[in-house]
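One file, work_26.cif, is given below (mmCIF, C-alpha atoms).
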```cif
data_start
#
loop_
_atom_site.group_PDB
_atom_site.id
_atom_site.type_symbol
_atom_site.label_atom_id
_atom_site.label_comp_id
_atom_site.auth_asym_id
_atom_site.auth_seq_id
_atom_site.Cartn_x
_atom_site.Cartn_y
_atom_site.Cartn_z
ATOM 1 C CA MET A 24 158.075 -196.605 -17.959
ATOM 2 C CA PHE A 25 154.838 -194.689 -18.572
ATOM 3 C CA ARG A 26 153.752 -195.139 -14.956
ATOM 4 C CA PHE A 27 157.069 -193.872 -13.610
ATOM 5 C CA VAL A 28 157.129 -190.757 -15.790
ATOM 6 C CA ALA A 29 153.426 -189.981 -15.274
ATOM 7 C CA ALA A 30 153.783 -189.930 -11.462
ATOM 8 C CA GLY A 31 150.234 -190.909 -10.531
ATOM 9 C CA VAL A 32 148.406 -189.868 -13.716
ATOM 10 C CA PRO A 33 146.408 -192.804 -15.163
ATOM 11 C CA VAL A 34 148.239 -193.963 -18.291
ATOM 12 C CA TRP A 35 146.814 -197.441 -18.953
ATOM 13 C CA ARG A 36 144.976 -196.414 -22.133
ATOM 14 C CA GLY A 37 148.147 -194.792 -23.484
ATOM 15 C CA GLU A 38 150.128 -197.947 -22.762
ATOM 16 C CA GLN A 39 147.526 -199.993 -24.613
ATOM 17 C CA TYR A 40 147.579 -197.768 -27.678
ATOM 18 C CA ASN A 41 151.372 -197.604 -27.666
ATOM 19 C CA LEU A 42 151.672 -201.390 -27.682
ATOM 20 C CA ALA A 43 148.741 -201.960 -30.043
ATOM 21 C CA MET A 44 150.205 -199.651 -32.671
ATOM 22 C CA PHE A 45 153.442 -201.667 -32.949
ATOM 23 C CA PRO A 46 152.929 -202.453 -36.673
ATOM 24 C CA LEU A 47 152.921 -198.734 -37.478
ATOM 25 C CA SER A 48 155.996 -198.144 -35.318
ATOM 26 C CA ILE A 49 157.866 -200.954 -37.071
ATOM 27 C CA ARG A 50 156.898 -199.599 -40.496
ATOM 28 C CA ALA A 51 158.111 -196.134 -39.460
ATOM 29 C CA VAL A 52 161.514 -197.426 -38.307
ATOM 30 C CA VAL A 53 161.918 -199.547 -41.451
ATOM 31 C CA SER A 54 161.040 -196.545 -43.626
ATOM 32 C CA VAL A 55 163.728 -194.450 -41.918
ATOM 33 C CA PHE A 56 166.434 -197.053 -42.498
ATOM 34 C CA SER A 57 165.315 -197.910 -46.035
ATOM 35 C CA GLY A 58 164.843 -194.287 -47.109
ATOM 36 C CA LYS A 59 161.308 -194.958 -48.340
ATOM 37 C CA LYS A 60 158.451 -192.681 -47.328
ATOM 38 C CA LEU A 61 155.552 -194.065 -45.359
ATOM 39 C CA SER A 62 152.352 -193.973 -47.345
ATOM 40 C CA PHE A 63 149.482 -192.077 -45.787
ATOM 41 C CA ILE A 64 146.305 -194.114 -45.375
ATOM 42 C CA VAL A 65 143.118 -192.075 -45.272
ATOM 43 C CA THR A 66 140.802 -192.993 -42.426
ATOM 44 C CA PRO A 67 137.228 -193.648 -43.562
ATOM 45 C CA LYS A 68 134.921 -190.839 -42.454
ATOM 46 C CA LYS A 69 131.670 -192.761 -42.732
ATOM 47 C CA ARG A 70 130.340 -195.540 -40.591
ATOM 48 C CA GLU A 71 131.173 -198.952 -41.992
ATOM 49 C CA GLU A 72 129.248 -202.048 -40.975
ATOM 50 C CA ASN A 73 131.730 -204.683 -42.147
ATOM 51 C CA LYS A 74 134.600 -205.816 -39.953
ATOM 52 C CA ASP A 75 137.883 -205.880 -41.877
ATOM 53 C CA PHE A 76 140.209 -208.213 -39.983
ATOM 54 C CA ARG A 77 143.058 -207.332 -42.351
ATOM 55 C CA LEU A 78 143.392 -204.130 -40.311
ATOM 56 C CA ILE A 79 144.283 -206.004 -37.121
ATOM 57 C CA TRP A 80 146.039 -209.159 -38.364
ATOM 58 C CA PRO A 81 149.388 -208.291 -36.716
ATOM 59 C CA GLN A 82 147.751 -207.809 -33.315
ATOM 60 C CA LEU A 83 145.637 -210.968 -33.699
ATOM 61 C CA THR A 84 148.759 -212.904 -34.677
ATOM 62 C CA VAL A 85 150.582 -211.797 -31.516
ATOM 63 C CA ILE A 86 147.516 -212.626 -29.381
ATOM 64 C CA VAL A 87 147.266 -216.139 -30.868
ATOM 65 C CA LEU A 88 151.024 -216.736 -30.553
ATOM 66 C CA SER A 89 150.944 -215.538 -26.915
ATOM 67 C CA ILE A 90 148.160 -217.986 -26.097
ATOM 68 C CA ALA A 91 150.005 -220.787 -27.909
ATOM 69 C CA GLY A 92 153.202 -219.915 -26.026
ATOM 70 C CA MET A 93 151.418 -220.092 -22.676
ATOM 71 C CA ILE A 94 149.962 -223.506 -23.553
ATOM 72 C CA VAL A 95 153.279 -224.912 -24.830
ATOM 73 C CA GLY A 96 155.180 -223.473 -21.860
ATOM 74 C CA THR A 97 152.702 -224.973 -19.392
ATOM 75 C CA PHE A 98 152.922 -228.416 -20.999
ATOM 76 C CA ARG A 99 156.731 -228.230 -21.088
ATOM 77 C CA HIS A 100 156.802 -227.312 -17.385
ATOM 78 C CA VAL A 101 154.331 -230.033 -16.395
ATOM 79 C CA PHE A 102 156.294 -232.712 -18.285
ATOM 80 C CA GLY A 103 159.704 -231.463 -17.079
ATOM 81 C CA LEU A 104 161.003 -230.353 -20.455
ATOM 82 C CA GLY A 105 163.274 -227.531 -19.332
ATOM 83 C CA VAL A 106 160.834 -224.805 -18.284
ATOM 84 C CA THR A 107 161.169 -223.594 -14.713
ATOM 85 C CA LEU A 108 158.177 -222.423 -12.716
ATOM 86 C CA LEU A 109 159.637 -218.913 -12.418
ATOM 87 C CA GLY A 110 160.224 -218.740 -16.163
ATOM 88 C CA LEU A 111 156.685 -219.938 -16.834
ATOM 89 C CA VAL A 112 155.117 -217.434 -14.427
ATOM 90 C CA VAL A 113 157.084 -214.494 -15.872
ATOM 91 C CA ASN A 114 156.234 -215.437 -19.455
ATOM 92 C CA VAL A 115 152.546 -216.038 -18.668
ATOM 93 C CA PHE A 116 152.405 -212.637 -16.943
ATOM 94 C CA TRP A 117 153.841 -210.868 -20.012
ATOM 95 C CA ALA A 118 151.659 -212.870 -22.375
ATOM 96 C CA PHE A 119 148.545 -211.776 -20.444
ATOM 97 C CA TYR A 120 149.796 -208.190 -20.417
ATOM 98 C CA ASN A 121 150.279 -208.268 -24.190
ATOM 99 C CA ILE A 122 146.910 -209.912 -24.803
ATOM 100 C CA ILE A 123 145.055 -207.379 -22.651
ATOM 101 C CA SER A 124 146.932 -204.501 -24.253
ATOM 102 C CA LEU A 125 146.445 -205.690 -27.832
ATOM 103 C CA PHE A 126 142.799 -206.574 -27.316
ATOM 104 C CA VAL A 127 141.964 -202.855 -27.496
ATOM 105 C CA VAL A 128 142.185 -203.032 -31.316
ATOM 106 C CA VAL A 129 139.882 -206.065 -31.452
ATOM 107 C CA LYS A 130 137.416 -204.204 -29.248
ATOM 108 C CA ALA A 131 137.704 -201.140 -31.494
ATOM 109 C CA LEU A 132 136.932 -203.249 -34.570
ATOM 110 C CA TYR A 133 133.639 -204.324 -33.008
ATOM 111 C CA TYR A 134 132.729 -200.951 -31.520
ATOM 112 C CA ASN A 135 129.337 -199.596 -32.602
ATOM 113 C CA PHE A 136 128.607 -195.911 -32.250
ATOM 114 C CA PRO A 137 125.424 -194.970 -30.417
ATOM 115 C CA GLU A 138 122.479 -194.238 -32.717
ATOM 116 C CA ASN A 139 122.410 -190.528 -31.830
ATOM 117 C CA TRP A 140 126.186 -190.113 -32.147
ATOM 118 C CA ASN A 141 127.296 -186.868 -33.761
ATOM 119 C CA PRO A 142 130.855 -186.712 -35.131
ATOM 120 C CA GLN A 143 131.002 -182.963 -34.489
ATOM 121 C CA PRO A 144 132.698 -181.617 -31.359
ATOM 122 C CA PRO A 145 130.362 -180.307 -28.649
ATOM 123 C CA GLU A 146 129.307 -176.668 -28.991
ATOM 124 C CA TYR A 147 131.271 -175.505 -25.938
ATOM 125 C CA ILE A 148 134.494 -176.718 -27.573
ATOM 126 C CA MET A 149 133.644 -174.961 -30.846
ATOM 127 C CA LYS A 150 133.010 -171.706 -28.936
ATOM 128 C CA ARG A 151 136.403 -172.019 -27.244
ATOM 129 C CA ILE A 152 138.132 -172.627 -30.606
ATOM 130 C CA LYS A 153 136.431 -169.609 -32.165
ATOM 131 C CA MET A 154 137.417 -167.492 -29.182
ATOM 132 C CA LEU A 155 141.072 -168.565 -29.521
ATOM 133 C CA GLU A 156 141.047 -167.914 -33.274
ATOM 134 C CA ASN A 157 139.787 -164.344 -32.754
ATOM 135 C CA LYS A 158 142.670 -163.423 -30.428
#
```
Representation of the structure as structure tokens:
Amino acid sequence: MFRFVAAGVPVWRGEQYNLAMFPLSIRAVVSVFSGKKLSFIVTPKKREENKDFRLIWPQLTVIVLSIAGMIVGTFRHVFGLGVTLLGLVVNVFWAFYNIISLFVVVKALYYNFPENWNPQPPEYIMKRIKMLENK
């Protein structure tokens, strides 16, 4: 869908983030139907060294289940237990697509900023913002 609408603009990263943020999307839909407000979680503003896997457990669960599904499907096909080759190929394709897409959050958990990283926007952007504010 993204590729069709974008008409040649690279959208792979957007597709990844869209799929990887499925827990938030589900919570938003549930909150609409239940009438409860979504709580706002403040993003930490300082660099943290520990890796909190609780942040990505839904994505890791889907990755593990996708791998397990590929293994079970392959064994079922090999032993003639009702899985056609076409069905196996289609499901393995989508499992790989999901794994690659969801892996962006695992990669983000392990990302280390460069030593000289500055969280401030570059000066040329700040000049442009100031210019727009003065109009």
Counting all atoms listed in the file, what is within 8 Å of stretch 88-97 of chain A, bar same-chain residues fewer than 3 positions away, as a PyMOL selection string? chain A and resi 84-85+100-101+106+111+114-115+118-119+121-122
Compile the contact shell of A:Asn41 as a PyMOL selection string: residues with an atom at most 9 Å away, counting all atoms listed in the file, same-chain residues fewer than 5 positions apart removed. chain A and resi 36+48+124
Can you measure atom CA of A:Ile152 to atom CA of A:Glu38 for me? One decimal in Å is fine.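 Calculated distance between atom CA of A:Ile152 and atom CA of A:Glu38 is 29.1 Å.
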Extract, using only C-alpha atoms, all DNA, RNA and protein residues at most 12 Å from A:Trp80, discarding same-chain residues fewer than 2 positions from it, and format them as a PyMOL selection string. chain A and resi 43-46+75-78+82-88+125-126+128-129+132
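When only C-alpha atoms are used to compute distances to A:Phe63, the closest of the residues A:Phe102, A:Leu155, A:Glu146, A:Ala51 turns out to be A:Ala51.
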Separation of atom CA of A:Tyr120 and atom CA of A:Tyr40, in Å?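 Going from atom CA of A:Tyr120 over to atom CA of A:Tyr40, I get 12.9 Å.
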Would you mind putting back N, CA and C atoms on stretch 83-100 of chain A, then writing it out as a compact mmCIF listing (two decimals), in the coordinates of the input?
```txt
# COMPACT_ATOMS: atom_id res chain seq x y z
N LEU A 83 146.24 -209.64 -33.91
CA LEU A 83 145.64 -210.97 -33.70
C LEU A 83 146.70 -212.07 -33.73
N THR A 84 147.69 -211.92 -34.60
CA THR A 84 148.76 -212.90 -34.68
C THR A 84 149.53 -212.97 -33.36
N VAL A 85 149.85 -211.82 -32.79
CA VAL A 85 150.58 -211.80 -31.52
C VAL A 85 149.72 -212.37 -30.39
N ILE A 86 148.42 -212.08 -30.40
CA ILE A 86 147.52 -212.63 -29.38
C ILE A 86 147.49 -214.15 -29.47
N VAL A 87 147.32 -214.68 -30.68
CA VAL A 87 147.27 -216.14 -30.87
C VAL A 87 148.60 -216.78 -30.49
N LEU A 88 149.72 -216.18 -30.90
CA LEU A 88 151.02 -216.74 -30.55
C LEU A 88 151.28 -216.67 -29.05
N SER A 89 150.79 -215.63 -28.37
CA SER A 89 150.94 -215.54 -26.92
C SER A 89 150.17 -216.65 -26.22
N ILE A 90 148.96 -216.90 -26.68
CA ILE A 90 148.16 -217.99 -26.10
C ILE A 90 148.84 -219.33 -26.35
N ALA A 91 149.31 -219.54 -27.58
CA ALA A 91 150.00 -220.79 -27.91
C ALA A 91 151.26 -220.95 -27.06
N GLY A 92 151.99 -219.86 -26.85
CA GLY A 92 153.20 -219.92 -26.03
C GLY A 92 152.90 -220.28 -24.58
N MET A 93 151.80 -219.74 -24.05
CA MET A 93 151.42 -220.09 -22.68
C MET A 93 151.07 -221.57 -22.58
N ILE A 94 150.35 -222.09 -23.57
CA ILE A 94 149.96 -223.51 -23.55
C ILE A 94 151.20 -224.40 -23.67
N VAL A 95 152.07 -224.11 -24.63
CA VAL A 95 153.28 -224.91 -24.83
C VAL A 95 154.18 -224.83 -23.60
N GLY A 96 154.34 -223.63 -23.05
CA GLY A 96 155.18 -223.47 -21.86
C GLY A 96 154.64 -224.25 -20.67
N THR A 97 153.32 -224.23 -20.50
CA THR A 97 152.70 -224.97 -19.39
C THR A 97 152.92 -226.47 -19.56
N PHE A 98 152.69 -226.99 -20.76
CA PHE A 98 152.92 -228.42 -21.00
C PHE A 98 154.39 -228.77 -20.79
N ARG A 99 155.30 -227.95 -21.27
CA ARG A 99 156.73 -228.23 -21.09
C ARG A 99 157.11 -228.24 -19.61
N HIS A 100 156.52 -227.33 -18.82
CA HIS A 100 156.80 -227.31 -17.39
C HIS A 100 156.23 -228.55 -16.70
```
